[in-house]
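One file, upload-v2.cif, carrying mmCIF, C-alpha atoms:
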```cif
data_upload
#
loop_
_atom_site.group_PDB
_atom_site.id
_atom_site.type_symbol
_atom_site.label_atom_id
_atom_site.label_comp_id
_atom_site.auth_asym_id
_atom_site.auth_seq_id
_atom_site.Cartn_x
_atom_site.Cartn_y
_atom_site.Cartn_z
ATOM 1 C CA MET A 1 190.338 158.579 322.756
ATOM 2 C CA ASN A 2 190.926 161.885 320.986
ATOM 3 C CA VAL A 3 188.440 162.266 318.122
ATOM 4 C CA LEU A 4 189.959 164.093 315.162
ATOM 5 C CA THR A 5 186.787 164.166 313.066
ATOM 6 C CA THR A 6 183.547 162.323 312.346
ATOM 7 C CA ILE A 7 181.469 161.871 309.194
ATOM 8 C CA SER A 8 178.145 160.164 308.549
ATOM 9 C CA VAL A 9 178.316 156.715 306.997
ATOM 10 C CA ALA A 10 175.978 157.901 304.203
ATOM 11 C CA ALA A 11 178.397 160.705 303.264
ATOM 12 C CA ALA A 12 181.408 158.379 303.477
ATOM 13 C CA LYS A 13 179.671 155.867 301.178
ATOM 14 C CA ALA A 14 178.920 158.640 298.689
ATOM 15 C CA LEU A 15 182.576 159.689 298.640
ATOM 16 C CA LEU A 16 183.543 156.053 298.138
ATOM 17 C CA ARG A 17 181.374 155.906 294.999
ATOM 18 C CA VAL A 18 183.303 158.797 293.458
ATOM 19 C CA ILE A 19 186.595 156.857 293.352
ATOM 20 C CA ASP A 20 187.743 155.123 290.163
ATOM 21 C CA MET A 21 190.138 152.307 291.029
ATOM 22 C CA ASP A 22 191.022 151.833 287.339
ATOM 23 C CA ASP A 23 192.768 155.208 287.349
ATOM 24 C CA GLU A 24 196.536 154.805 287.691
ATOM 25 C CA ARG A 25 196.843 157.848 289.987
ATOM 26 C CA LYS A 26 197.152 156.275 293.443
ATOM 27 C CA HIS A 27 196.420 159.536 295.267
ATOM 28 C CA LEU A 28 192.874 159.397 293.814
ATOM 29 C CA HIS A 29 192.226 155.917 295.246
ATOM 30 C CA GLY A 30 190.816 157.110 298.549
ATOM 31 C CA VAL A 31 189.049 159.795 300.551
ATOM 32 C CA TRP A 32 190.954 162.787 301.929
ATOM 33 C CA PHE A 33 190.116 164.291 305.322
ATOM 34 C CA GLY A 34 191.663 167.722 305.619
ATOM 35 C CA ASN A 35 192.648 170.270 308.212
ATOM 36 C CA ASP A 36 189.967 172.549 306.752
ATOM 37 C CA GLY A 37 187.085 170.424 308.080
ATOM 38 C CA ARG A 38 186.290 168.783 304.742
ATOM 39 C CA ALA A 39 186.327 165.272 303.332
ATOM 40 C CA MET A 40 186.865 165.004 299.571
ATOM 41 C CA ALA A 41 187.086 162.443 296.791
ATOM 42 C CA THR A 42 187.572 162.825 293.036
ATOM 43 C CA ASN A 43 188.193 160.716 289.965
ATOM 44 C CA GLY A 44 189.229 163.742 287.913
ATOM 45 C CA HIS A 45 185.739 164.127 286.385
ATOM 46 C CA ILE A 46 183.560 164.120 289.510
ATOM 47 C CA LEU A 47 184.492 165.870 292.726
ATOM 48 C CA VAL A 48 182.440 165.639 295.915
ATOM 49 C CA ALA A 49 183.354 167.419 299.137
ATOM 50 C CA VAL A 50 181.520 167.286 302.464
ATOM 51 C CA GLY A 51 182.100 170.182 304.837
ATOM 52 C CA GLY A 52 181.304 171.038 308.412
ATOM 53 C CA LEU A 53 183.562 168.369 309.907
ATOM 54 C CA GLN A 54 186.042 168.866 312.710
ATOM 55 C CA ALA A 55 189.375 169.853 311.187
ATOM 56 C CA ILE A 56 192.158 167.284 311.147
ATOM 57 C CA VAL A 57 195.162 168.457 313.171
ATOM 58 C CA GLY A 58 198.456 168.193 311.301
ATOM 59 C CA ALA A 59 198.866 166.274 308.047
ATOM 60 C CA GLN A 60 195.695 165.284 306.204
ATOM 61 C CA VAL A 61 194.328 161.763 306.609
ATOM 62 C CA PHE A 62 193.918 159.447 303.615
ATOM 63 C CA ILE A 63 191.634 156.407 303.756
ATOM 64 C CA HIS A 64 192.085 154.001 300.850
ATOM 65 C CA HIS A 65 189.029 152.888 298.846
ATOM 66 C CA ASP A 66 189.396 149.214 299.801
ATOM 67 C CA GLU A 67 189.808 149.939 303.500
ATOM 68 C CA LEU A 68 186.884 152.358 303.532
ATOM 69 C CA LYS A 69 184.651 149.918 301.650
ATOM 70 C CA ASP A 70 185.443 147.188 304.168
ATOM 71 C CA ILE A 71 184.933 149.536 307.118
ATOM 72 C CA LEU A 72 181.487 150.650 305.904
ATOM 73 C CA LYS A 73 180.249 147.174 305.002
ATOM 74 C CA GLY A 74 177.082 146.523 306.980
ATOM 75 C CA ALA A 75 177.167 149.910 308.738
ATOM 76 C CA LYS A 76 173.843 151.650 309.233
ATOM 77 C CA PRO A 77 173.346 154.822 307.107
ATOM 78 C CA LYS A 78 172.744 156.958 310.205
ATOM 79 C CA ALA A 79 175.920 155.706 311.889
ATOM 80 C CA THR A 80 179.064 157.828 312.034
ATOM 81 C CA LEU A 81 182.644 157.099 311.067
ATOM 82 C CA GLY A 82 185.057 158.537 313.604
ATOM 83 C CA ILE A 83 188.732 159.221 312.922
ATOM 84 C CA CYS A 84 190.682 159.192 316.158
ATOM 85 C CA ASP A 85 194.307 159.300 317.218
ATOM 86 C CA ASP A 86 194.283 155.551 317.847
ATOM 87 C CA GLY A 87 192.291 154.404 314.814
ATOM 88 C CA LEU A 88 188.976 154.535 312.961
ATOM 89 C CA TYR A 89 185.656 153.758 314.605
ATOM 90 C CA VAL A 90 182.144 153.056 313.358
ATOM 91 C CA GLU A 91 180.100 154.260 316.317
ATOM 92 C CA SER A 92 182.112 152.830 319.262
ATOM 93 C CA ARG A 93 183.631 149.842 317.441
ATOM 94 C CA ARG A 94 187.230 150.248 316.289
ATOM 95 C CA VAL A 95 187.544 149.099 312.680
ATOM 96 C CA LEU A 96 191.075 150.185 311.711
ATOM 97 C CA LYS A 97 194.284 151.119 313.490
ATOM 98 C CA GLU A 98 196.045 154.413 312.853
ATOM 99 C CA PRO A 99 194.714 156.121 309.687
ATOM 100 C CA LEU A 100 197.357 156.968 307.086
ATOM 101 C CA ARG A 101 198.692 160.527 307.207
ATOM 102 C CA ALA A 102 199.434 162.386 303.987
ATOM 103 C CA LEU A 103 203.201 162.494 304.326
ATOM 104 C CA GLY A 104 206.030 162.089 301.806
ATOM 105 C CA GLU A 105 204.883 161.097 298.306
ATOM 106 C CA LEU A 106 201.214 160.754 299.238
ATOM 107 C CA GLN A 107 199.733 164.171 298.512
ATOM 108 C CA PRO A 108 196.157 165.327 297.872
ATOM 109 C CA PRO A 109 195.081 166.084 294.291
ATOM 110 C CA PRO A 110 195.248 169.677 292.989
ATOM 111 C CA TRP A 111 191.531 170.400 293.497
ATOM 112 C CA ILE A 112 191.669 173.654 291.563
ATOM 113 C CA ARG A 113 192.207 171.735 288.326
ATOM 114 C CA ILE A 114 188.584 170.605 288.301
ATOM 115 C CA VAL A 115 186.899 173.705 289.689
ATOM 116 C CA PRO A 116 184.656 175.403 287.116
ATOM 117 C CA THR A 117 185.349 178.998 286.164
ATOM 118 C CA SER A 118 181.729 180.162 286.318
ATOM 119 C CA PHE A 119 178.102 179.087 286.706
ATOM 120 C CA ASN A 120 175.246 180.688 284.780
ATOM 121 C CA GLY A 121 172.428 178.161 284.778
ATOM 122 C CA HIS A 122 172.834 176.543 281.345
ATOM 123 C CA MET A 123 172.716 172.742 281.034
ATOM 124 C CA ALA A 124 175.840 171.097 279.630
ATOM 125 C CA GLU A 125 176.236 167.914 277.604
ATOM 126 C CA PHE A 126 177.752 165.157 279.738
ATOM 127 C CA ASP A 127 178.592 161.529 279.126
ATOM 128 C CA SER A 128 175.451 159.577 280.137
ATOM 129 C CA GLU A 129 177.359 156.972 282.183
ATOM 130 C CA LEU A 130 179.220 159.720 284.043
ATOM 131 C CA MET A 131 175.973 161.584 284.667
ATOM 132 C CA GLU A 132 174.274 158.461 286.043
ATOM 133 C CA ARG A 133 177.182 157.850 288.392
ATOM 134 C CA PHE A 134 176.953 161.462 289.550
ATOM 135 C CA ARG A 135 173.221 161.082 290.171
ATOM 136 C CA ARG A 136 173.722 157.926 292.257
ATOM 137 C CA ILE A 137 176.394 159.659 294.344
ATOM 138 C CA LEU A 138 174.010 162.531 295.110
ATOM 139 C CA GLU A 139 171.319 160.008 296.083
ATOM 140 C CA THR A 140 173.727 158.282 298.451
ATOM 141 C CA LEU A 141 174.557 161.674 299.958
ATOM 142 C CA GLU A 142 170.813 162.089 300.550
ATOM 143 C CA VAL A 143 170.764 165.445 298.769
ATOM 144 C CA LEU A 144 168.778 164.069 295.805
ATOM 145 C CA GLU A 145 165.594 162.001 295.808
ATOM 146 C CA ASP A 146 165.709 158.548 294.233
ATOM 147 C CA GLY A 147 165.437 158.780 290.447
ATOM 148 C CA ALA A 148 165.549 162.579 290.386
ATOM 149 C CA ILE A 149 167.697 164.466 287.885
ATOM 150 C CA PRO A 150 170.181 166.852 289.535
ATOM 151 C CA VAL A 151 169.931 170.556 288.821
ATOM 152 C CA LEU A 152 173.224 171.720 287.326
ATOM 153 C CA TYR A 153 174.791 175.153 287.057
ATOM 154 C CA THR A 154 177.442 175.559 284.386
ATOM 155 C CA ASN A 155 178.825 178.010 281.859
ATOM 156 C CA GLY A 156 177.786 176.173 278.724
ATOM 157 C CA PRO A 157 178.337 172.925 276.812
ATOM 158 C CA GLY A 158 181.597 171.138 277.435
ATOM 159 C CA ARG A 159 182.331 172.843 280.753
ATOM 160 C CA CYS A 160 182.417 171.764 284.358
ATOM 161 C CA ALA A 161 179.156 172.083 286.301
ATOM 162 C CA MET A 162 178.071 172.315 289.911
ATOM 163 C CA ALA A 163 175.049 170.446 291.266
ATOM 164 C CA LYS A 164 172.496 172.226 293.410
ATOM 165 C CA THR A 165 173.281 170.897 296.900
ATOM 166 C CA PRO A 166 173.055 171.993 300.552
ATOM 167 C CA ASP A 167 175.649 174.438 301.863
ATOM 168 C CA HIS A 168 177.756 171.694 303.456
ATOM 169 C CA VAL A 169 178.175 169.741 300.204
ATOM 170 C CA MET A 170 180.116 170.604 297.034
ATOM 171 C CA ALA A 171 179.468 168.401 293.992
ATOM 172 C CA LEU A 172 181.164 169.105 290.653
ATOM 173 C CA ILE A 173 181.060 167.186 287.383
ATOM 174 C CA MET A 174 183.350 167.668 284.405
ATOM 175 C CA PRO A 175 182.944 166.460 280.806
ATOM 176 C CA LEU A 176 185.391 163.711 279.813
ATOM 177 C CA MET A 177 187.130 165.837 277.193
ATOM 178 C CA ASN A 178 188.092 168.606 279.610
ATOM 179 C CA SER A 179 191.655 169.932 279.664
ATOM 180 C CA LYS A 180 193.660 169.308 282.836
ATOM 181 C CA SER A 181 194.955 172.886 282.815
ATOM 182 C CA PRO A 182 193.871 174.990 285.795
ATOM 183 C CA PRO A 183 191.042 177.405 284.894
ATOM 184 C CA ASP A 184 191.451 181.144 285.172
ATOM 185 C CA PRO A 185 190.065 182.287 288.518
ATOM 186 C CA ASN A 186 187.137 184.709 288.410
ATOM 187 C CA GLU A 187 184.115 185.681 290.457
ATOM 188 C CA GLY A 188 182.044 182.793 289.098
ATOM 189 C CA ALA A 189 184.425 180.308 290.710
ATOM 190 C CA ALA A 190 184.521 182.087 294.059
ATOM 191 C CA GLN A 191 181.878 179.893 295.727
ATOM 192 C CA ALA A 192 183.627 176.654 294.802
ATOM 193 C CA LEU A 193 187.072 177.971 295.640
ATOM 194 C CA ARG A 194 185.964 179.232 299.042
ATOM 195 C CA PHE A 195 184.357 175.885 299.847
ATOM 196 C CA LEU A 196 187.457 173.972 298.802
ATOM 197 C CA GLY A 197 189.680 176.259 300.830
ATOM 198 C CA THR A 198 191.855 177.040 297.802
#
```

Same coordinates, now as structure tokens:
Amino acid sequence: MNVLTTISVAAAKALLRVIDMDDERKHLHGVWFGNDGRAMATNGHILVAVGGLQAIVGAQVFIHHDELKDILKGAKPKATLGICDDGLYVESRRVLKEPLRALGELQPPPWIRIVPTSFNGHMAEFDSELMERFRRILETLEVLEDGAIPVLYTNGPGRCAMAKTPDHVMALIMPLMNSKSPPDPNEGAAQALRFLGT
């Protein structure tokens, strides 16, 4: 069994909570495991990436929301999800054959479109439902205590913000009214862009 990568069940569950199945964009309906050692999920307004994983060899792996939800059902938080050449495993139990490779029309989202252009410490105004979802995701990731309010770094009202997280986690939130145009790159975005491998 050749292990391509592993991720904690807690982190995988957090990424699962990012996904919005009501969105018509099918390439956002799952978690991406890349050849840069990161797993990512986004709904276009929240992006969470977990780093420090073994890099996927070849085309990226895509695990659909429904499959991942079923795989993680009943799994212990301290367990690990392993992606191997012959399937997916929770600990030593195989739970899915042959993960889907990102070939043909299935392509990862353009991450740069939701990367903020700078961070300067100001709080931004965010939709309360979106903010609560973001908070619950950070709790699931175990980088935020239950009920705590995340510390955000942003460049002012109406702009994308980054949560204060450990080095191996990137968590971004974007106001609902944000333009889908890519931001201008500058030094303020360097940390996020380096983490995302863009």

Take the PyMOL selection byres ((chain A and resi 144) around 12), run it mentally on this structure, and tell me the resulting residues as a ChimeraX atom specification. /A:14,134-143,145-151,163-166,169,171

Please check which residues have atoms at most 9 Å from (193.1, 154.7, 311.6) in the file's coordinates, counting only C-alpha atoms, and write them as an MDAnalysis selection string. chainID A and resid 61 63 83:89 94:100

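The shortest atom-to-atom distance to A:Gly51, with only C-alpha atoms taken into account, belongs to A:Ala11 out of A:Leu68, A:Leu172, A:Ala11, A:Ile19.
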
For atom CA of A:Gly37 and atom CA of A:Gly74, determine how far apart the two atoms are, in Å to one decimal place.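 Atom-to-atom, atom CA of A:Gly37 to atom CA of A:Gly74, that is 25.9 Å.
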
Skip A:Glu91 itself and residues of its chain fewer than 3 positions away, then list as an MDAnalysis selection string all residues within 7 Å of it, counting only C-alpha atoms. chainID A and resid 79:81

Please list as an NGL selection string every residue within 10 Å of A:Lys69, counting only C-alpha atoms and excluding residues in the same chain fewer than 5 positions away. :A and (12-13 or 16-17 or 30 or 63-64 or 74)

Restricting the calculation to all atoms listed in the file, which member of A:Ala75, A:Val48, A:Val57, A:Leu152 is positioned closest to A:Asp36?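 Looking only at the distances to A:Asp36, the closest residue turns out to be A:Val57.
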